[in-house]
file input-v9.cif (mmCIF, C-alpha atoms)
data_query
loop_
_atom_site.group_PDB
_atom_site.id
_atom_site.type_symbol
_atom_site.label_atom_id
_atom_site.label_comp_id
_atom_site.auth_asym_id
_atom_site.auth_seq_id
_atom_site.Cartn_x
_atom_site.Cartn_y
_atom_site.Cartn_z
ATOM 1 C CA MET V 1 120.335 115.614 -7.973
ATOM 2 C CA PRO V 2 120.771 113.954 -11.372
ATOM 3 C CA ALA V 3 118.379 114.837 -14.206
ATOM 4 C CA PRO V 4 115.592 112.289 -14.821
ATOM 5 C CA GLU V 5 117.151 111.311 -18.159
ATOM 6 C CA ALA V 6 120.504 110.667 -16.522
ATOM 7 C CA LYS V 7 118.835 108.638 -13.804
ATOM 8 C CA GLY V 8 117.001 106.572 -16.437
ATOM 9 C CA GLU V 9 120.251 106.025 -18.285
ATOM 10 C CA ALA V 10 121.945 104.794 -15.128
ATOM 11 C CA LEU V 11 119.181 102.264 -14.556
ATOM 12 C CA GLN V 12 119.060 101.160 -18.208
ATOM 13 C CA PRO V 13 120.847 97.850 -17.460
ATOM 14 C CA LEU V 14 117.913 96.936 -15.183
ATOM 15 C CA VAL V 15 115.520 97.027 -18.129
ATOM 16 C CA GLU V 16 117.813 94.714 -20.054
ATOM 17 C CA ILE V 17 118.194 92.276 -17.189
ATOM 18 C CA ASP V 18 117.637 88.635 -18.168
ATOM 19 C CA ARG V 19 114.421 87.658 -16.408
ATOM 20 C CA ILE V 20 115.141 83.972 -16.671
ATOM 21 C CA VAL V 21 118.307 84.463 -14.612
ATOM 22 C CA HIS V 22 116.812 87.136 -12.371
ATOM 23 C CA GLU V 23 114.309 84.805 -10.682
ATOM 24 C CA PRO V 24 115.892 84.015 -7.242
ATOM 25 C CA THR V 25 115.469 80.231 -7.381
ATOM 26 C CA ARG V 26 116.890 79.989 -10.885
ATOM 27 C CA LEU V 27 119.694 82.348 -9.909
ATOM 28 C CA MET V 28 120.550 79.975 -7.062
ATOM 29 C CA ILE V 29 120.542 76.968 -9.405
ATOM 30 C CA LEU V 30 122.700 78.815 -11.937
ATOM 31 C CA ALA V 31 125.157 79.909 -9.229
ATOM 32 C CA HIS V 32 125.589 76.292 -8.113
ATOM 33 C CA LEU V 33 126.079 75.046 -11.658
ATOM 34 C CA TYR V 34 128.420 77.939 -12.449
ATOM 35 C CA VAL V 35 130.991 76.846 -9.858
ATOM 36 C CA VAL V 36 131.125 73.208 -10.953
ATOM 37 C CA GLU V 37 131.704 71.385 -14.217
ATOM 38 C CA SER V 38 128.536 69.297 -13.875
ATOM 39 C CA ALA V 39 126.295 67.951 -11.130
ATOM 40 C CA ASP V 40 123.412 65.548 -10.852
ATOM 41 C CA PHE V 41 119.847 66.287 -9.803
ATOM 42 C CA VAL V 42 120.310 64.980 -6.243
ATOM 43 C CA PHE V 43 123.329 67.219 -5.712
ATOM 44 C CA LEU V 44 121.396 70.319 -6.788
ATOM 45 C CA LEU V 45 118.454 69.269 -4.678
ATOM 46 C CA ARG V 46 120.619 68.996 -1.538
ATOM 47 C CA GLN V 47 122.627 72.147 -2.164
ATOM 48 C CA THR V 48 119.678 74.384 -2.957
ATOM 49 C CA GLY V 49 117.204 72.885 -0.479
ATOM 50 C CA LEU V 50 114.452 73.039 -3.091
ATOM 51 C CA THR V 51 111.695 70.494 -3.456
ATOM 52 C CA TRP V 52 111.861 67.933 -6.229
ATOM 53 C CA GLY V 53 109.040 69.506 -8.246
ATOM 54 C CA ASN V 54 110.296 73.043 -7.827
ATOM 55 C CA LEU V 55 113.812 72.173 -8.931
ATOM 56 C CA SER V 56 112.515 70.126 -11.817
ATOM 57 C CA SER V 57 110.285 72.929 -13.099
ATOM 58 C CA HIS V 58 113.036 75.574 -12.882
ATOM 59 C CA LEU V 59 115.506 73.270 -14.592
ATOM 60 C CA SER V 60 113.023 72.766 -17.430
ATOM 61 C CA LYS V 61 112.817 76.543 -17.898
ATOM 62 C CA LEU V 62 116.589 76.848 -17.880
ATOM 63 C CA GLU V 63 116.901 73.988 -20.333
ATOM 64 C CA SER V 64 114.298 75.567 -22.649
ATOM 65 C CA ALA V 65 116.271 78.811 -22.580
ATOM 66 C CA GLY V 66 119.366 76.857 -23.589
ATOM 67 C CA TYR V 67 121.155 77.672 -20.323
ATOM 68 C CA VAL V 68 121.393 74.147 -18.946
ATOM 69 C CA ASP V 69 122.449 71.038 -20.754
ATOM 70 C CA ILE V 70 121.417 67.541 -19.749
ATOM 71 C CA VAL V 71 124.220 65.045 -20.205
ATOM 72 C CA LYS V 72 123.469 61.331 -20.213
ATOM 73 C CA GLU V 73 126.333 59.163 -19.050
ATOM 74 C CA PHE V 74 126.911 55.732 -17.577
ATOM 75 C CA LYS V 75 127.786 55.087 -13.957
ATOM 76 C CA GLY V 76 128.922 51.499 -14.168
ATOM 77 C CA LYS V 77 126.136 49.918 -16.162
ATOM 78 C CA LYS V 78 123.445 52.327 -14.955
ATOM 79 C CA PRO V 79 122.540 55.452 -16.937
ATOM 80 C CA HIS V 80 123.040 58.638 -14.978
ATOM 81 C CA THR V 81 122.046 62.182 -15.827
ATOM 82 C CA MET V 82 124.336 65.093 -15.145
ATOM 83 C CA LEU V 83 123.416 68.755 -15.525
ATOM 84 C CA ARG V 84 125.777 71.457 -16.653
ATOM 85 C CA LEU V 85 125.695 75.059 -17.735
ATOM 86 C CA THR V 86 125.951 75.628 -21.457
ATOM 87 C CA GLY V 87 128.222 78.325 -22.856
ATOM 88 C CA LYS V 88 125.119 80.455 -23.319
ATOM 89 C CA GLY V 89 124.071 79.874 -19.709
ATOM 90 C CA ARG V 90 127.534 80.740 -18.412
ATOM 91 C CA SER V 91 127.593 83.958 -20.436
ATOM 92 C CA ALA V 92 124.066 84.861 -19.300
ATOM 93 C CA PHE V 93 125.036 84.398 -15.654
ATOM 94 C CA GLN V 94 128.215 86.475 -16.067
ATOM 95 C CA GLN V 95 126.281 89.164 -17.920
ATOM 96 C CA TYR V 96 123.662 89.227 -15.166
ATOM 97 C CA ARG V 97 126.303 89.641 -12.454
ATOM 98 C CA GLN V 98 127.931 92.492 -14.375
ATOM 99 C CA SER V 99 124.635 94.274 -15.006
ATOM 100 C CA MET V 100 123.504 94.038 -11.390
ATOM 101 C CA LYS V 101 126.885 95.159 -10.129
ATOM 102 C CA GLN V 102 126.834 98.098 -12.522
ATOM 103 C CA VAL V 103 123.366 99.166 -11.357
ATOM 104 C CA LEU V 104 123.981 98.696 -7.645
ATOM 105 C CA ASP V 105 127.418 100.308 -7.707
ATOM 106 C CA GLY V 106 125.892 103.352 -9.382
ATOM 107 C CA LEU V 107 123.338 103.932 -6.631
ATOM 108 C CA PRO V 108 124.171 106.420 -3.899
ATOM 109 C CA SER V 109 124.887 104.774 -0.550
ATOM 110 C CA MET P 1 121.975 91.581 -4.925
ATOM 111 C CA SER P 2 124.465 89.823 -7.153
ATOM 112 C CA GLN P 3 127.272 91.340 -5.114
ATOM 113 C CA ASN P 4 126.224 89.122 -2.253
ATOM 114 C CA ILE P 5 126.599 85.957 -4.285
ATOM 115 C CA ASP P 6 129.914 84.608 -3.089
ATOM 116 C CA LEU P 7 130.704 82.013 -5.733
ATOM 117 C CA LYS P 8 133.864 80.818 -3.993
ATOM 118 C CA GLN P 9 131.852 80.237 -0.849
ATOM 119 C CA ILE P 10 129.193 78.297 -2.776
ATOM 120 C CA GLU P 11 131.853 76.097 -4.374
ATOM 121 C CA ARG P 12 133.608 75.542 -1.055
ATOM 122 C CA LYS P 13 130.330 74.668 0.674
ATOM 123 C CA ALA P 14 129.485 72.199 -2.092
ATOM 124 C CA TYR P 15 132.917 70.576 -1.842
ATOM 125 C CA THR P 16 133.054 70.389 1.938
ATOM 126 C CA SER P 17 129.557 68.891 2.106
ATOM 127 C CA TYR P 18 131.302 65.640 1.179
ATOM 128 C CA PHE P 19 133.148 65.708 4.512
ATOM 129 C CA GLN P 20 129.972 65.825 6.583
ATOM 130 C CA ASP P 21 129.629 62.059 6.346
ATOM 131 C CA GLY P 22 132.332 61.420 8.961
ATOM 132 C CA PHE P 23 134.163 58.799 6.882
ATOM 133 C CA TRP P 24 137.439 60.708 6.967
ATOM 134 C CA ASP P 25 137.220 60.904 10.764
ATOM 135 C CA ILE P 26 136.571 57.162 10.920
ATOM 136 C CA PHE P 27 139.529 56.611 8.600
ATOM 137 C CA MET P 28 141.799 58.704 10.813
ATOM 138 C CA GLY P 29 140.541 56.936 13.926
ATOM 139 C CA LEU P 30 141.294 53.540 12.391
ATOM 140 C CA LEU P 31 144.713 54.766 11.224
ATOM 141 C CA MET P 32 145.618 55.724 14.798
ATOM 142 C CA LEU P 33 144.096 52.524 16.142
ATOM 143 C CA GLY P 34 146.230 50.577 13.666
ATOM 144 C CA MET P 35 149.362 52.331 14.858
ATOM 145 C CA GLY P 36 148.537 51.464 18.457
ATOM 146 C CA ILE P 37 147.917 47.828 17.468
ATOM 147 C CA ASN P 38 151.148 47.838 15.466
ATOM 148 C CA ILE P 39 153.156 48.728 18.565
ATOM 149 C CA ALA P 40 151.094 46.528 20.918
ATOM 150 C CA PHE P 41 151.501 43.374 18.806
ATOM 151 C CA GLU P 42 154.848 44.369 17.330
ATOM 152 C CA SER P 43 153.488 43.418 13.935
ATOM 153 C CA THR P 44 153.232 45.588 10.853
ATOM 154 C CA ILE P 45 150.795 43.082 9.351
ATOM 155 C CA TRP P 46 148.068 44.157 11.804
ATOM 156 C CA TYR P 47 148.640 47.765 10.910
ATOM 157 C CA GLY P 48 148.253 46.823 7.236
ATOM 158 C CA VAL P 49 145.021 44.939 7.972
ATOM 159 C CA VAL P 50 143.477 47.858 9.903
ATOM 160 C CA LEU P 51 144.615 50.311 7.220
ATOM 161 C CA ALA P 52 143.061 48.128 4.490
ATOM 162 C CA ILE P 53 139.785 48.012 6.461
ATOM 163 C CA ALA P 54 139.887 51.813 6.851
ATOM 164 C CA VAL P 55 140.424 52.352 3.105
ATOM 165 C CA LEU P 56 137.621 49.882 2.330
ATOM 166 C CA ILE P 57 135.191 51.619 4.720
ATOM 167 C CA VAL P 58 135.865 55.052 3.215
ATOM 168 C CA THR P 59 135.699 53.852 -0.401
ATOM 169 C CA VAL P 60 132.611 51.663 -0.073
ATOM 170 C CA GLY P 61 130.892 54.018 2.394
ATOM 171 C CA ARG P 62 131.245 56.989 0.113
ATOM 172 C CA LYS P 63 129.976 55.036 -2.870
ATOM 173 C CA LEU P 64 127.039 53.375 -1.146
ATOM 174 C CA ILE P 65 126.103 55.905 1.534
ATOM 175 C CA THR P 66 127.375 59.386 0.711
ATOM 176 C CA GLU P 67 126.916 59.598 -3.056
ATOM 177 C CA PRO P 68 123.296 58.382 -3.242
ATOM 178 C CA ARG P 69 122.372 60.848 -0.494
ATOM 179 C CA ILE P 70 124.073 64.053 -1.569
ATOM 180 C CA GLY P 71 124.502 63.390 -5.239
ATOM 181 C CA ARG P 72 127.348 63.438 -7.659
ATOM 182 C CA VAL P 73 129.346 66.394 -8.885
ATOM 183 C CA LYS P 74 132.337 67.120 -11.074
ATOM 184 C CA PHE P 75 134.132 70.170 -9.800
ATOM 185 C CA GLY P 76 135.699 72.911 -11.902
ATOM 186 C CA PRO P 77 139.319 73.356 -13.029
ATOM 187 C CA ALA P 78 140.535 75.095 -9.837
ATOM 188 C CA ARG P 79 139.314 72.230 -7.657
ATOM 189 C CA LYS P 80 140.764 69.673 -10.069
ATOM 190 C CA VAL P 81 144.198 71.259 -9.663
ATOM 191 C CA LYS P 82 143.812 70.894 -5.884
ATOM 192 C CA GLN P 83 142.701 67.277 -6.307
ATOM 193 C CA TRP P 84 145.812 66.556 -8.375
ATOM 194 C CA ALA P 85 147.926 68.175 -5.674
ATOM 195 C CA ILE P 86 146.341 65.809 -3.136
ATOM 196 C CA ILE P 87 147.116 62.806 -5.358
ATOM 197 C CA VAL P 88 150.742 63.933 -5.665
ATOM 198 C CA VAL P 89 151.037 64.422 -1.877
ATOM 199 C CA LEU P 90 149.490 60.990 -1.214
ATOM 200 C CA THR P 91 151.672 59.258 -3.802
ATOM 201 C CA ILE P 92 154.850 60.780 -2.398
ATOM 202 C CA SER P 93 153.798 59.943 1.159
ATOM 203 C CA PHE P 94 152.879 56.362 0.129
ATOM 204 C CA LEU P 95 156.234 55.826 -1.577
ATOM 205 C CA PHE P 96 158.005 57.314 1.432
ATOM 206 C CA GLY P 97 156.051 54.988 3.748
ATOM 207 C CA ILE P 98 156.924 51.959 1.601
ATOM 208 C CA GLY P 99 160.576 53.028 1.681
ATOM 209 C CA MET P 100 160.551 53.314 5.471
ATOM 210 C CA PHE P 101 158.794 49.953 5.809
ATOM 211 C CA VAL P 102 161.245 48.180 3.496
ATOM 212 C CA ALA P 103 164.197 49.778 5.272
ATOM 213 C CA SER P 104 162.991 48.674 8.696
ATOM 214 C CA TYR P 105 161.870 45.228 7.465
ATOM 215 C CA TYR P 106 165.253 44.430 5.964
ATOM 216 C CA GLY P 107 166.992 45.350 9.157
ATOM 217 C CA ALA P 108 168.213 48.876 8.499
ATOM 218 C CA ASP P 109 169.317 49.987 11.925
ATOM 219 C CA ILE P 110 167.190 53.093 12.295
ATOM 220 C CA PRO P 111 167.080 54.274 15.924
ATOM 221 C CA ARG P 112 163.570 54.387 17.413
ATOM 222 C CA GLU P 113 163.863 58.118 18.191
ATOM 223 C CA LEU P 114 164.839 58.930 14.603
ATOM 224 C CA MET P 115 162.067 56.732 13.191
ATOM 225 C CA ALA P 116 159.428 58.360 15.451
ATOM 226 C CA THR P 117 160.696 61.867 14.634
ATOM 227 C CA ILE P 118 160.607 61.215 10.870
ATOM 228 C CA ALA P 119 157.135 59.672 11.111
ATOM 229 C CA GLY P 120 155.800 62.537 13.280
ATOM 230 C CA VAL P 121 157.123 65.268 10.980
ATOM 231 C CA TRP P 122 156.038 63.320 7.893
ATOM 232 C CA PHE P 123 152.453 62.863 9.129
ATOM 233 C CA CYS P 124 152.240 66.502 10.207
ATOM 234 C CA ILE P 125 153.373 67.745 6.775
ATOM 235 C CA VAL P 126 151.219 65.306 4.798
ATOM 236 C CA PHE P 127 148.025 65.958 6.752
ATOM 237 C CA SER P 128 148.558 69.719 6.815
ATOM 238 C CA LEU P 129 148.976 69.755 3.032
ATOM 239 C CA MET P 130 145.926 67.556 2.587
ATOM 240 C CA ALA P 131 143.850 69.691 4.963
ATOM 241 C CA TYR P 132 144.864 72.762 2.973
ATOM 242 C CA PHE P 133 144.153 71.303 -0.472
ATOM 243 C CA MET P 134 140.942 69.625 0.662
ATOM 244 C CA ASP P 135 139.586 72.625 2.608
ATOM 245 C CA PHE P 136 139.079 70.140 5.428
ATOM 246 C CA SER P 137 140.336 71.761 8.627
ATOM 247 C CA ARG P 138 139.781 68.760 10.940
ATOM 248 C CA LEU P 139 142.666 67.026 9.135
ATOM 249 C CA PHE P 140 145.035 69.650 10.615
ATOM 250 C CA VAL P 141 143.934 68.550 14.075
ATOM 251 C CA TYR P 142 144.351 64.853 13.250
ATOM 252 C CA GLY P 143 147.788 65.530 11.768
ATOM 253 C CA LEU P 144 148.806 67.316 14.959
ATOM 254 C CA LEU P 145 147.343 64.518 17.072
ATOM 255 C CA LEU P 146 149.422 61.970 15.151
ATOM 256 C CA SER P 147 152.569 64.058 15.450
ATOM 257 C CA ALA P 148 151.982 64.502 19.177
ATOM 258 C CA SER P 149 151.572 60.736 19.500
ATOM 259 C CA PHE P 150 154.924 60.194 17.798
ATOM 260 C CA ALA P 151 156.565 62.820 19.976
ATOM 261 C CA ILE P 152 155.293 60.922 23.024
ATOM 262 C CA ALA P 153 156.621 57.701 21.483
ATOM 263 C CA ILE P 154 160.122 59.229 21.512
ATOM 264 C CA ALA P 155 159.938 60.381 25.093
ATOM 265 C CA TYR P 156 158.052 57.546 26.784
ATOM 266 C CA SER P 157 157.681 53.787 26.842
ATOM 267 C CA ASP P 158 155.716 51.628 24.411
ATOM 268 C CA THR P 159 152.835 51.254 26.870
ATOM 269 C CA ILE P 160 152.286 54.999 27.059
ATOM 270 C CA THR P 161 152.628 55.302 23.271
ATOM 271 C CA ILE P 162 149.996 52.582 22.775
ATOM 272 C CA ILE P 163 147.655 54.362 25.214
ATOM 273 C CA VAL P 164 148.172 57.678 23.382
ATOM 274 C CA PHE P 165 147.429 56.127 19.979
ATOM 275 C CA PHE P 166 144.334 54.405 21.334
ATOM 276 C CA ALA P 167 143.224 57.638 23.032
ATOM 277 C CA SER P 168 143.672 59.536 19.743
ATOM 278 C CA ALA P 169 141.612 56.864 17.992
ATOM 279 C CA ALA P 170 139.034 57.165 20.762
ATOM 280 C CA ILE P 171 138.703 60.872 19.895
ATOM 281 C CA ALA P 172 138.486 60.506 16.111
ATOM 282 C CA LEU P 173 136.278 57.411 15.845
ATOM 283 C CA PRO P 174 133.324 58.710 17.927
ATOM 284 C CA ILE P 175 133.496 62.052 16.084
ATOM 285 C CA GLY P 176 133.245 60.130 12.808
ATOM 286 C CA LEU P 177 130.414 57.922 14.016
ATOM 287 C CA VAL P 178 128.424 60.875 15.390
ATOM 288 C CA MET P 179 128.931 62.764 12.118
ATOM 289 C CA LEU P 180 127.875 59.717 10.114
ATOM 290 C CA THR P 181 124.729 59.324 12.230
ATOM 291 C CA ARG P 182 123.875 63.002 11.799
ATOM 292 C CA PHE P 183 124.577 62.761 8.095
ATOM 293 C CA LEU P 184 122.229 59.779 7.707
ATOM 294 C CA ARG P 185 119.484 61.630 9.574
ATOM 295 C CA ARG P 186 119.997 64.854 7.683
ATOM 296 C CA TYR P 187 120.188 63.256 4.255
ATOM 297 C CA PRO P 188 117.846 60.283 4.059
ATOM 298 C CA ARG P 189 118.090 58.229 0.917
ATOM 299 C CA LEU P 190 115.785 59.604 -1.763
ATOM 300 C CA PRO P 191 112.976 57.420 -3.100
ATOM 301 C CA LYS P 192 114.082 55.518 -6.190
ATOM 302 C CA GLU P 193 111.188 56.791 -8.313
ATOM 303 C CA ASN P 194 112.313 60.355 -7.622
ATOM 304 C CA ILE P 195 115.866 59.600 -8.663
ATOM 305 C CA ASP P 196 114.625 57.909 -11.823
ATOM 306 C CA ALA P 197 112.377 60.891 -12.544
ATOM 307 C CA GLY P 198 115.289 63.276 -12.053
ATOM 308 C CA SER P 199 117.551 61.323 -14.333
#
call {"tool": "encode", "arguments": {"input": "input-v9.cif", "output": "structure tokens"}}
result
Amino acid sequence: MPAPEAKGEALQPLVEIDRIVHEPTRLMILAHLYVVESADFVFLLRQTGLTWGNLSSHLSKLESAGYVDIVKEFKGKKPHTMLRLTGKGRSAFQQYRQSMKQVLDGLPS
Amino acid sequence: MSQNIDLKQIERKAYTSYFQDGFWDIFMGLLMLGMGINIAFESTIWYGVVLAIAVLIVTVGRKLITEPRIGRVKFGPARKVKQWAIIVVLTISFLFGIGMFVASYYGADIPRELMATIAGVWFCIVFSLMAYFMDFSRLFVYGLLLSASFAIAIAYSDTITIIVFFASAAIALPIGLVMLTRFLRRYPRLPKENIDAGS
């Protein structure tokens, strides 16, 4: 059995986990934005199955953290808003995946 | 936890959600219907008309029905490469089709068997490549259905060929219409104020 210090060391990445990414709904949103270049609100709504308010509130948190960028563009003559992961958001998601993998791989099966 | 996030699967699911609207099935059904009409009326013009209607239905339908319901997305670099591959396949197949049409229109004496064999193999290759690049497996089936129809055209009379093309269309069109109906039920149009709030 590993010493308590060693055990704590192994789980250290858990302490450093990004809590903004760690929340399941936000993780789902980030995963969907990670695999595309950009997507609109309706697309995320349909893919995640979240309610309008729920998605909106989580996107605001991700935007405040600098993880999601809101891009205004024109679709014909109508303005249209697309959402995309920022470089910071992409790195945070990758970092989160690595940390979780590291922790879970280290646990005895 | 993160190990269970299959990003490829998420991307594939997002991409293939655009094929739930049934427009591709309707397009394929109309394509086969057009071929049957082409042989029945011995006129390429009718085939062109049906094909133009099919293209119009898919283009307008996707813009006015699909996009407002499931949203808009720009896919990543890997998917863009596949989309370019599809454009290349379609361009080559279009140019090949034009070549065949011009050759037959200006009286090149191409035997019916040879023409049907070329068309059958051509459709099978084109639709298989498209099905692969689009991650849209039903296109494999439609490609095979078209090839089988051409194979029958070689072996049997025009009447049987027409029946086979119409029967193939009668398989694809209802599938498309049922999928479109299910799509409309599953994804009702979102209230405008919500869309405005989201954008």
call {"tool": "residues_around", "arguments": {"input": "input-v9.cif", "residues": "Tyr187 (chain P)", "least_positions_apart": "6", "cutoff": "12 Å", "atoms": "all atoms listed in the file", "output": "number ranges by chain"}}
result
V: 42-43, 45-47, 49; P: 17-18, 20-21, 65-71, 179-181
call {"tool": "atom_distance", "arguments": {"input": "input-v9.cif", "atom1": "CA of Val68 (chain V)", "atom2": "CA of Thr51 (chain V)"}}
result
18.6 Å
call {"tool": "interface_residues", "arguments": {"input": "input-v9.cif", "of": "chain V", "to": "chain P", "cutoff": "8 Å", "atoms": "only C-alpha atoms", "output": "VMD selection string"}}
result
chain V and resid 31 to 32 35 to 44 46 to 47 52 56 80 to 82 97 100 to 101 104
call {"tool": "atom_distance", "arguments": {"input": "input-v9.cif", "atom1": "CA of Arg186 (chain P)", "atom2": "CA of Leu139 (chain P)"}}
result
22.8 Å
call {"tool": "atom_distance", "arguments": {"input": "input-v9.cif", "atom1": "CA of Val49 (chain P)", "atom2": "CA of Phe123 (chain P)"}}
result
19.4 Å
call {"tool": "resolve_selection", "arguments": {"input": "input-v9.cif", "expression": "the PyMOL selection byres ((chain V and resi 61) around 12)", "output": "short mmCIF file (atom, residue, chain, number, x, y, z; two decimals) with C-alpha atoms, in the frame of the given file"}}
result
data_model
loop_
_atom_site.label_atom_id
_atom_site.label_comp_id
_atom_site.auth_asym_id
_atom_site.auth_seq_id
_atom_site.Cartn_x
_atom_site.Cartn_y
_atom_site.Cartn_z
CA ARG V 19 114.42 87.66 -16.41
CA ILE V 20 115.14 83.97 -16.67
CA VAL V 21 118.31 84.46 -14.61
CA GLU V 23 114.31 84.80 -10.68
CA THR V 25 115.47 80.23 -7.38
CA ARG V 26 116.89 79.99 -10.88
CA ILE V 29 120.54 76.97 -9.40
CA LEU V 30 122.70 78.82 -11.94
CA ASN V 54 110.30 73.04 -7.83
CA LEU V 55 113.81 72.17 -8.93
CA SER V 56 112.52 70.13 -11.82
CA SER V 57 110.28 72.93 -13.10
CA HIS V 58 113.04 75.57 -12.88
CA LEU V 59 115.51 73.27 -14.59
CA SER V 60 113.02 72.77 -17.43
CA LEU V 62 116.59 76.85 -17.88
CA GLU V 63 116.90 73.99 -20.33
CA SER V 64 114.30 75.57 -22.65
CA ALA V 65 116.27 78.81 -22.58
CA GLY V 66 119.37 76.86 -23.59
CA TYR V 67 121.16 77.67 -20.32
CA VAL V 68 121.39 74.15 -18.95
CA ASP V 69 122.45 71.04 -20.75
CA GLY V 89 124.07 79.87 -19.71
#
call {"tool": "resolve_selection", "arguments": {"input": "input-v9.cif", "expression": "the PyMOL selection byres ((chain P and resi 93) around 12)", "output": "list in words"}}
result
Ile86, Ile87, Val88, Val89, Leu90, Thr91, Ile92, Phe94, Leu95, Phe96, Gly97, Ile98, Gly99, Met100, Ile118, Ala119, Val121, Trp122, Phe123, Cys124, Ile125, Val126, Phe127, Leu129 and Met130 of chain P
call {"tool": "residues_around", "arguments": {"input": "input-v9.cif", "residues": "Thr159 (chain P)", "least_positions_apart": "2", "cutoff": "12 Å", "atoms": "only C-alpha atoms", "output": "VMD selection string"}}
result
chain P and resid 36 to 37 39 to 42 152 to 153 155 to 157 161 to 166
call {"tool": "residues_around", "arguments": {"input": "input-v9.cif", "residues": "region 56-58 of chain P", "least_positions_apart": "2", "cutoff": "12 Å", "atoms": "only C-alpha atoms", "output": "number ranges by chain"}}
result
P: 18-19, 21-31, 49-54, 60-67, 176, 180
call {"tool": "build_atoms", "arguments": {"input": "input-v9.cif", "residues": "region 106-117 of chain P", "atoms": "N, CA and C atoms", "output": "tab-separated table (two decimals), keeping the file's coordinate frame"}}
result
chain	number	residue	atom	x	y	z
P	106	TYR	N	164.00	45.09	6.32
P	106	TYR	CA	165.25	44.43	5.96
P	106	TYR	C	166.40	44.80	6.90
P	107	GLY	N	166.02	45.22	8.07
P	107	GLY	CA	166.99	45.35	9.16
P	107	GLY	C	167.85	46.59	9.16
P	108	ALA	N	167.45	47.63	8.41
P	108	ALA	CA	168.21	48.88	8.50
P	108	ALA	C	168.15	49.35	9.95
P	109	ASP	N	169.26	49.66	10.50
P	109	ASP	CA	169.32	49.99	11.92
P	109	ASP	C	168.95	51.46	12.14
P	110	ILE	N	167.64	51.71	12.08
P	110	ILE	CA	167.19	53.09	12.30
P	110	ILE	C	166.79	53.23	13.76
P	111	PRO	N	167.44	54.13	14.50
P	111	PRO	CA	167.08	54.27	15.92
P	111	PRO	C	165.61	54.65	16.08
P	112	ARG	N	164.99	54.17	17.15
P	112	ARG	CA	163.57	54.39	17.41
P	112	ARG	C	163.23	55.88	17.43
P	113	GLU	N	164.12	56.68	18.08
P	113	GLU	CA	163.86	58.12	18.19
P	113	GLU	C	163.81	58.77	16.81
P	114	LEU	N	164.78	58.35	15.95
P	114	LEU	CA	164.84	58.93	14.60
P	114	LEU	C	163.59	58.53	13.79
P	115	MET	N	163.24	57.25	13.92
P	115	MET	CA	162.07	56.73	13.19
P	115	MET	C	160.80	57.49	13.60
P	116	ALA	N	160.62	57.67	14.93
P	116	ALA	CA	159.43	58.36	15.45
P	116	ALA	C	159.42	59.83	15.03
P	117	THR	N	160.62	60.46	15.03
P	117	THR	CA	160.70	61.87	14.63
P	117	THR	C	160.32	62.02	13.15
